[in-house]
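Heads up, upload_23.txt below (compact mmCIF, C-alpha atoms):
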# COMPACT_ATOMS: atom_id res chain seq x y z
CA MET P 985 146.97 79.76 118.75
CA HIS P 986 143.54 80.21 120.25
CA GLN P 987 141.00 78.00 118.50
CA PRO P 988 137.81 80.02 117.89
CA THR P 989 134.50 78.68 119.05
CA LEU P 990 132.12 77.78 116.23
CA GLU P 991 128.67 77.66 117.76
CA PRO P 992 126.34 75.04 116.24
CA ARG P 993 122.81 76.04 115.22
CA PRO P 994 119.99 75.15 115.46
CA LEU P 995 119.92 73.69 118.97
CA TYR P 996 117.18 71.43 120.29
CA GLY P 997 115.80 70.55 123.71
CA ILE P 998 115.04 66.97 124.67
CA GLY P 999 111.30 67.44 124.11
CA THR P 1000 111.80 68.55 120.50
CA VAL P 1001 114.23 65.69 119.84
CA ALA P 1002 111.74 63.20 121.28
CA ARG P 1003 109.04 64.51 118.92
CA LEU P 1004 111.31 64.47 115.85
CA THR P 1005 112.70 60.97 116.51
CA GLY P 1006 109.55 59.30 117.85
CA LEU P 1007 111.45 58.32 120.99
CA LYS P 1008 110.32 58.97 124.56
CA PRO P 1009 112.38 61.43 126.65
CA ASP P 1010 113.05 58.64 129.15
CA THR P 1011 114.47 56.46 126.36
CA LEU P 1012 116.74 59.31 125.25
CA ARG P 1013 118.03 59.72 128.81
CA VAL P 1014 118.75 55.99 129.10
CA TRP P 1015 120.57 55.96 125.75
CA GLU P 1016 122.66 58.92 126.83
CA ARG P 1017 123.60 57.29 130.12
CA ARG P 1018 124.39 53.86 128.66
CA TYR P 1019 125.70 54.60 125.18
CA GLY P 1020 126.70 58.26 125.17
CA LEU P 1021 123.94 59.16 122.68
CA GLY P 1022 123.25 62.51 124.26
CA ALA P 1023 123.35 66.22 123.61
CA SER P 1024 126.84 67.32 122.59
CA HIS P 1025 126.41 71.09 123.14
CA LYS P 1026 126.44 72.87 126.48
CA SER P 1027 125.07 76.42 126.73
CA ALA P 1028 126.68 79.22 128.73
CA THR P 1029 124.33 78.36 131.60
CA GLY P 1030 125.34 74.69 131.50
CA ARG P 1031 122.20 73.39 129.80
CA ARG P 1032 122.72 70.40 127.51
CA GLN P 1033 121.33 70.90 123.99
CA TYR P 1034 121.19 68.68 120.90
CA THR P 1035 122.83 69.88 117.68
CA GLN P 1036 121.55 69.11 114.17
CA SER P 1037 124.13 66.31 113.90
CA ASP P 1038 122.98 64.85 117.24
CA LEU P 1039 119.37 64.87 116.05
CA GLU P 1040 120.10 63.23 112.70
CA HIS P 1041 122.23 60.52 114.32
CA LEU P 1042 119.39 59.71 116.71
CA GLN P 1043 116.87 59.65 113.85
CA LEU P 1044 118.98 57.03 112.05
CA VAL P 1045 119.47 54.95 115.19
CA SER P 1046 115.75 55.14 116.00
CA ALA P 1047 114.82 53.96 112.47
CA LEU P 1048 117.21 51.00 112.69
CA VAL P 1049 116.00 50.00 116.16
CA SER P 1050 112.42 50.12 114.88
CA SER P 1051 113.42 47.76 112.06
CA GLY P 1052 114.96 45.22 114.41
CA SER P 1053 118.54 46.33 115.22
CA ARG P 1054 119.88 46.16 118.78
CA ILE P 1055 120.73 49.60 120.17
CA GLY P 1056 123.97 48.37 121.76
CA GLU P 1057 125.27 47.18 118.37
CA ILE P 1058 124.71 50.43 116.45
CA ALA P 1059 124.82 53.23 119.03
CA ASN P 1060 128.37 54.34 118.19
CA THR P 1061 128.24 53.62 114.45
CA GLU P 1062 129.02 56.54 112.14
CA ARG P 1063 126.28 58.14 110.04
CA ARG P 1064 127.36 56.79 106.65
CA THR P 1065 127.27 53.21 107.91
CA LEU P 1066 123.87 53.72 109.52
CA GLU P 1067 122.49 55.03 106.21
CA MET P 1068 123.91 52.03 104.35
CA LEU P 1069 122.26 49.67 106.84
CA LEU P 1070 118.90 51.37 106.34
CA ARG P 1071 119.15 51.31 102.57
CA GLY P 1072 120.12 47.65 102.76
CA ARG P 1073 116.75 47.02 104.37
CA GLY P 1074 114.89 48.73 101.54
CA SER P 1075 114.65 52.13 103.22
CA THR P 1076 114.54 55.31 101.16
CA ARG P 1077 114.64 58.96 102.05
CA GLY P 1078 111.60 59.84 104.10
CA GLN P 1079 111.74 56.41 105.76
CA GLY P 1080 114.30 57.00 108.47
CA ILE P 1081 117.13 58.66 106.53
CA PRO P 1082 117.14 62.43 107.20
CA ASP P 1083 117.42 64.71 104.19
CA PRO P 1084 120.92 66.25 103.95
CA LYS P 1085 121.10 69.72 105.49
CA PRO P 1086 123.40 72.31 103.92
CA ARG P 1087 126.36 73.36 106.05
CA VAL P 1088 126.36 77.14 106.44
CA VAL P 1089 128.96 79.30 108.21
CA PHE P 1090 127.94 82.76 109.46
CA LEU P 1091 130.98 84.94 110.12
CA GLY P 1092 130.93 88.23 112.07
CA GLN P 1093 130.01 89.36 115.57
CA GLY P 1094 127.21 91.66 114.43
CA LEU P 1095 125.75 89.05 112.08
CA CYS P 1096 125.75 86.36 114.75
CA ASP P 1097 124.13 88.72 117.27
CA TRP P 1098 121.49 89.54 114.65
CA LEU P 1099 120.86 85.83 114.03
CA ASP P 1100 120.24 85.31 117.75
CA GLU P 1101 117.10 87.40 117.22
CA HIS P 1102 116.20 85.88 113.83
CA GLN P 1103 116.41 82.14 114.42
CA GLY P 1104 113.98 81.46 111.58
CA CYS P 1105 116.81 82.10 109.10
CA LEU P 1106 118.53 78.98 110.43
CA ALA P 1107 115.73 76.56 109.58
CA ASN P 1108 116.71 73.41 107.64
CA VAL P 1109 120.47 74.04 107.84
CA ASP P 1110 123.45 72.77 109.80
CA ALA P 1111 124.93 76.14 110.77
CA ARG P 1112 128.04 77.36 112.57
CA LEU P 1113 128.23 80.86 114.06
CA ALA P 1114 131.72 82.40 114.09
CA ARG P 1115 131.73 85.52 116.26
CA PHE P 1116 134.90 87.08 114.86
CA SER P 1117 135.79 89.30 111.93
CA LEU P 1118 136.85 88.47 108.38
CA ALA P 1119 140.36 89.75 109.14
CA GLU P 1120 140.61 87.50 112.21
CA ALA P 1121 139.36 84.52 110.18
CA GLU P 1122 142.60 84.51 108.16
CA ALA P 1123 144.64 83.72 111.27
CA GLU P 1124 142.09 81.52 113.05
CA GLY P 1125 141.65 77.84 112.29
CA PHE P 1126 138.60 75.99 111.06
CA ASP P 1127 139.76 72.49 111.94
CA GLY P 1128 137.37 69.78 110.82
CA LEU P 1129 135.23 72.23 108.86
CA GLU P 1130 135.36 71.78 105.10
CA HIS P 1131 133.09 71.53 102.09
CA VAL P 1132 130.86 74.32 103.35
CA ASP P 1133 127.78 74.75 101.20
CA CYS P 1134 127.23 78.42 102.02
CA LEU P 1135 129.37 81.15 103.61
CA VAL P 1136 127.69 84.32 104.92
CA VAL P 1137 130.10 87.08 105.97
CA GLU P 1138 129.55 90.41 107.71
CA THR P 1139 131.99 93.26 107.12
CA SER P 1140 131.73 96.94 107.99
CA THR P 1141 133.48 98.07 104.79
CA LEU P 1142 133.92 96.27 101.49
CA ALA P 1143 137.03 97.03 99.43
CA GLY P 1144 139.99 95.31 97.79
CA SER P 1145 141.54 93.92 100.97
CA GLN P 1146 138.25 92.42 102.12
CA LEU P 1147 137.68 90.85 98.69
CA SER P 1148 141.10 89.21 98.87
CA LEU P 1149 140.40 87.81 102.34
CA LEU P 1150 136.99 86.64 101.23
CA GLY P 1151 138.43 84.75 98.25
CA LYS P 1152 140.99 82.98 100.45
CA LEU P 1153 138.35 81.98 103.01
CA ARG P 1154 136.00 80.70 100.30
CA ASP P 1155 138.78 78.53 98.88
CA ARG P 1156 139.84 77.27 102.31
CA LEU P 1157 136.30 76.20 103.25
CA GLY P 1158 135.34 75.07 99.74
CA ALA P 1159 132.23 77.22 99.97
CA GLY P 1160 129.88 76.73 97.06
CA ARG P 1161 127.76 79.83 97.71
CA VAL P 1162 128.91 83.13 99.26
CA LEU P 1163 126.87 86.08 100.57
CA VAL P 1164 128.39 89.27 102.00
CA THR P 1165 126.56 91.76 104.20
CA TYR P 1166 128.21 95.17 104.38
CA GLN P 1167 127.69 98.67 105.75
CA LEU P 1168 129.90 100.70 103.38
CA CYS P 1169 130.72 99.85 99.78
CA ASN P 1170 130.92 101.51 96.35
CA ASP P 1171 129.68 100.34 92.95
CA ARG P 1172 133.15 99.28 91.78
CA TRP P 1173 133.52 96.61 94.44
CA LEU P 1174 129.92 95.49 94.06
CA GLU P 1175 130.55 94.89 90.36
CA GLU P 1176 133.68 92.91 91.16
CA LEU P 1177 131.74 90.76 93.63
CA GLN P 1178 129.15 90.09 90.95
CA GLU P 1179 131.89 88.96 88.55
CA LYS P 1180 133.08 86.52 91.22
CA ASP P 1181 129.52 85.20 91.66
CA ILE P 1182 129.34 86.55 95.22
CA ARG P 1183 126.07 88.07 96.38
CA ALA P 1184 126.11 91.25 98.45
CA VAL P 1185 123.44 92.99 100.56
CA GLU P 1186 123.50 95.80 103.09
CA PHE P 1187 123.66 94.94 106.76
CA PRO P 1188 121.38 94.01 108.43
CA PRO P 1189 120.00 91.74 105.70
CA ASP P 1190 116.31 91.38 105.05
CA PRO P 1191 115.31 88.22 106.98
CA ALA P 1192 113.12 86.92 104.14
CA TYR P 1193 115.95 87.40 101.61
CA LEU P 1194 118.45 85.57 103.80
CA ALA P 1195 115.96 82.74 104.35
CA PHE P 1196 115.48 82.59 100.56
CA GLU P 1197 119.24 82.31 99.92
CA VAL P 1198 119.68 79.62 102.57
CA GLY P 1199 116.56 77.80 101.38
CA HIS P 1200 117.89 77.81 97.81
CA CYS P 1201 121.11 76.30 99.15
CA ALA P 1202 119.05 73.59 100.88
CA ALA P 1203 117.28 72.77 97.61
CA GLU P 1204 120.63 72.41 95.82
CA LYS P 1205 121.95 70.21 98.62
CA LEU P 1206 118.94 67.91 98.43
CA THR P 1207 119.25 67.64 94.65
CA ARG P 1208 123.00 67.08 94.72
CA GLN P 1209 122.93 64.35 97.38
CA GLY P 1210 119.79 62.54 96.31
CA GLN P 1211 119.93 58.83 95.69
CA SER P 1212 119.78 59.40 91.94
CA ASP P 1213 122.83 60.90 90.28
CA LEU P 1214 121.32 64.19 89.09
CA GLY P 1215 124.76 65.65 88.35
CA GLU P 1216 124.43 68.84 86.39
CA LEU P 1217 120.95 69.66 87.68
CA VAL P 1218 122.47 71.33 90.71
CA ALA P 1219 123.41 74.82 89.58
CA VAL P 1220 120.90 77.34 88.30
CA LYS P 1221 121.24 77.31 84.51
CA PRO P 1222 121.02 80.36 82.20
CA ARG P 1223 118.47 80.54 79.41
CA GLN P 1224 119.65 78.58 76.35
CA PHE P 1225 117.17 80.00 73.81
CA THR P 1226 116.00 83.56 73.20
CA GLU P 1227 112.36 84.32 72.44
CA ARG P 1228 113.24 84.74 68.74
CA GLU P 1229 114.91 81.33 68.66
CA LEU P 1230 111.93 79.73 70.40
CA SER P 1231 109.59 81.27 67.83
CA ALA P 1232 111.69 79.83 65.00
CA ALA P 1233 111.67 76.38 66.59
CA ARG P 1234 107.92 76.55 67.08
CA ARG P 1235 107.36 77.14 63.35
CA LEU P 1236 109.21 73.98 62.27
CA LYS P 1237 107.08 71.62 60.16
CA SER P 1238 107.42 67.88 59.71
CA THR P 1239 106.22 65.39 57.13
CA LEU P 1240 105.34 63.15 60.08
CA ASP P 1241 103.16 65.88 61.62
CA CYS P 1242 105.34 65.83 64.73
CA GLU P 1243 104.30 68.63 67.08
CA CYS P 1244 107.22 68.18 69.49
CA PRO P 1245 109.00 71.49 68.65
CA ARG P 1246 105.81 73.48 69.23
CA HIS P 1247 104.89 71.70 72.46
CA ILE P 1248 108.41 71.87 73.87
CA THR P 1249 108.78 75.61 73.13
CA GLU P 1250 105.45 76.29 74.83
CA LEU P 1251 106.61 74.36 77.88
CA ILE P 1252 109.91 76.26 77.97
CA ARG P 1253 108.12 79.62 77.76
CA SER P 1254 105.67 78.68 80.50
CA LEU P 1255 108.43 77.43 82.79
CA ALA P 1256 110.60 80.50 82.13
CA HIS P 1257 107.71 82.84 82.93
CA PHE P 1258 106.92 80.94 86.12
CA GLU P 1259 110.62 80.94 87.04
CA GLU P 1260 110.65 84.75 86.84
CA TYR P 1261 107.39 84.95 88.78
CA SER P 1262 108.58 82.68 91.61
CA ALA P 1263 111.78 84.71 91.96
CA SER P 1264 109.79 87.90 92.55
CA CYS P 1265 107.03 86.51 94.80
CA SER P 1266 106.59 88.39 98.06
CA VAL P 1267 106.90 86.33 101.24
CA GLU P 1268 105.60 86.97 104.72
CA ASN P 1269 107.51 84.48 106.86
CA TRP P 1270 110.47 82.13 107.00
CA HIS P 1271 108.53 79.13 105.76
CA ASP P 1272 107.24 80.96 102.68
CA ALA P 1273 110.77 82.09 101.82
CA ALA P 1274 112.15 78.56 102.02
CA VAL P 1275 109.28 77.12 99.95
CA HIS P 1276 109.62 79.78 97.24
CA SER P 1277 113.36 79.20 96.99
CA CYS P 1278 112.70 75.52 96.28
CA ILE P 1279 110.00 76.37 93.72
CA PHE P 1280 112.41 78.73 91.94
CA ALA P 1281 115.25 76.17 91.93
CA TYR P 1282 113.19 73.24 90.70
CA THR P 1283 111.37 75.28 88.05
CA GLY P 1284 114.72 76.47 86.69
CA GLN P 1285 115.97 72.90 86.47
CA ALA P 1286 112.78 71.77 84.69
CA ARG P 1287 113.11 74.63 82.19
CA TRP P 1288 116.75 73.73 81.53
CA LEU P 1289 115.88 70.06 80.93
CA MET P 1290 113.24 71.00 78.37
CA GLU P 1291 115.78 73.25 76.65
CA LYS P 1292 118.07 70.24 76.35
CA ALA P 1293 115.17 68.31 74.83
CA LEU P 1294 114.59 71.09 72.31
CA ALA P 1295 118.29 71.18 71.44
CA ALA P 1296 118.14 67.44 70.72
CA VAL P 1297 115.16 67.96 68.39
CA LEU P 1298 116.88 70.81 66.55
CA GLU P 1299 120.12 68.88 66.12
CA THR P 1300 118.66 66.78 63.30
CA ARG P 1301 116.83 69.71 61.70
CA GLN P 1302 119.48 72.42 61.91
CA GLN P 1303 119.13 73.63 58.31
CA GLU P 1304 115.35 74.03 58.52
CA TYR P 1305 115.72 75.76 61.89
CA ASN P 1306 118.29 78.22 60.51
CA LEU P 1307 115.91 79.16 57.68
CA GLU P 1308 113.08 79.86 60.12
CA LEU P 1309 115.49 81.92 62.24
CA GLU P 1310 116.42 84.02 59.19
CA LYS P 1311 112.74 84.56 58.35
CA GLY P 1312 112.12 85.83 61.85
CA THR P 1313 115.08 88.20 61.62
CA ARG P 1314 113.87 89.61 58.29
CA SER P 1315 110.41 90.13 59.73
CA LEU P 1316 111.88 92.14 62.59
CA ASP P 1317 113.97 94.24 60.16
CA VAL P 1318 110.88 95.08 58.07
CA ALA P 1319 108.92 96.00 61.18
Just dump the structure as structure tokens.
Amino acid sequence: MHQPTLEPRPLYGIGTVARLTGLKPDTLRVWERRYGLGASHKSATGRRQYTQSDLEHLQLVSALVSSGSRIGEIANTERRTLEMLLRGRGSTRGQGIPDPKPRVVFLGQGLCDWLDEHQGCLANVDARLARFSLAEAEAEGFDGLEHVDCLVVETSTLAGSQLSLLGKLRDRLGAGRVLVTYQLCNDRWLEELQEKDIRAVEFPPDPAYLAFEVGHCAAEKLTRQGQSDLGELVAVKPRQFTERELSAARRLKSTLDCECPRHITELIRSLAHFEEYSASCSVENWHDAAVHSCIFAYTGQARWLMEKALAAVLETRQQEYNLELEKGTRSLDVA
């Protein structure tokens, strides 16, 4: 069976890698010659280029060498061990350990050709371009590629057979987020995609929207793999309280003059309003799209945390809260 070529993106020249690692180009050339720490990708014209994995490995090695390690002792050490060595010396993220980049697979000849002209959509990700169709993907292998954070698929038509193939591919790659770009589709299949939590847009996608989706994936990746165990903060959470329920909680009184219910409900409302605002903000470039996706994700998590705080407050005052809720309902009925 022919193994398909999965093209890594982004790709870096030696000058960019030197700037991002703080190493001189001559040092990079010596390390490549002596220790094999070079560019792993070769273009169609034979030019050597560094992948995202190459860059991050060199960033870790550079940080350890700067802290006293000998290059010959760590050059061929795997990433996880390098990170452990840095943390053992008191390093934290931002001090030599690169932030985790989401792994994104882009599937489809037309989509990959489009991305060649829209490289900004590939910022802050570890991407693979697969220049074959969804139907061909069922027979082709993806050896060594698993736990994909985001899968973006191009298909000319979207119907039952494509949905079946898409589900199988998502399961095979363990993709956490899926986006489909299509040319022909009807409302029935779009509704089914929505039920499966798969996003769908017409091809070609709006560059700012695609950057937003990928940027949101990057924010989730950073949260999920942070040094703290943030667990359930990863996924975007639905609203836990309606406006009527928030109003009832705000009216709760206390013999101790505790104003927590009122303050927490005001915070939740403010965060929810800003969450809606950040989701609809217009963007003009790739950077703006990525920043707004992070703002949206983090605001949603902050709102959800405050809702958990409110639920904890209400747990001990459930009877009083239910009475206020009934009063609000009667007021609405009279109005």
Polymer residues at most 12 Å from Leu1255 of chain P, all atoms listed in the file, same-chain spacing of 2 or more positions, as a PyMOL selection string: chain P and resi 1223+1248-1253+1257-1262+1279-1291
Nearest to Pro992 of chain P, chosen from P:Arg1064, P:Lys1152, P:Arg1087, P:Arg1246, with only C-alpha atoms counted in the distances: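 Selected residue with least distance to Pro992 of chain P: P:Arg1087.
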Among the residues P:Cys1201, P:Val1001, P:Leu1157, P:Ile1081, the one that comes closest to Cys1278 of chain P [using only C-alpha atoms]: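 Of all the options, P:Cys1201 lies closest to Cys1278 of chain P.
Nearest residue to Gln1103 of chain P, choosing from P:Pro1188, P:Pro1245, P:Pro994, P:Gly1006 and counting all atoms listed in the file: P:Pro994.
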Computed interatomic separation between atom CA of Glu1040 of chain P and atom CA of Arg1003 of chain P (Å):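 Distance between the two atoms: 12.8 Å.
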One-decimal distance in Å that lies between atom CA of Leu1135 of chain P and atom CA of Thr1029 of chain P: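 Computing the Euclidean distance for atom CA of Thr1029 of chain P and atom CA of Leu1135 of chain P yields 28.6 Å.
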Residue among P:Glu1122, P:Gly997, P:Ser1254, P:Arg1031 lying closest to Pro1009 of chain P, counting all atoms listed in the file: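 Counting all atoms listed in the file, the residue closest to Pro1009 of chain P is P:Gly997.
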Proximity to Tyr1193 of chain P - best of P:Ala1263, P:Ala1293, P:Lys1085, P:Arg1018, all atoms listed in the file: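 Using all atoms listed in the file, the shortest distance to Tyr1193 of chain P belongs to P:Ala1263.
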All residues 10 Å or closer to segment 1045-1055 of chain P, only C-alpha atoms, same chain fewer than 6 positions away omitted, as a list in words: Thr1005, Gly1006, Leu1007, Trp1015, Tyr1019, Leu1021, Leu1039, Thr1061, Arg1063, Leu1066, Glu1067, Leu1069, Leu1070, Arg1073, Ser1075, Gln1079, Gly1080 and Ile1081 of chain P
Nearest residue to Ser1117 of chain P from the set P:Val1132, P:Leu1095, P:Leu1004, P:Val1162 (distances using only C-alpha atoms): P:Leu1095
Length of the atom CA of Gln1093 of chain P to atom CA of Ala1114 of chain P vector [Å]: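 Separating atom CA of Gln1093 of chain P from atom CA of Ala1114 of chain P is a distance of 7.3 Å.
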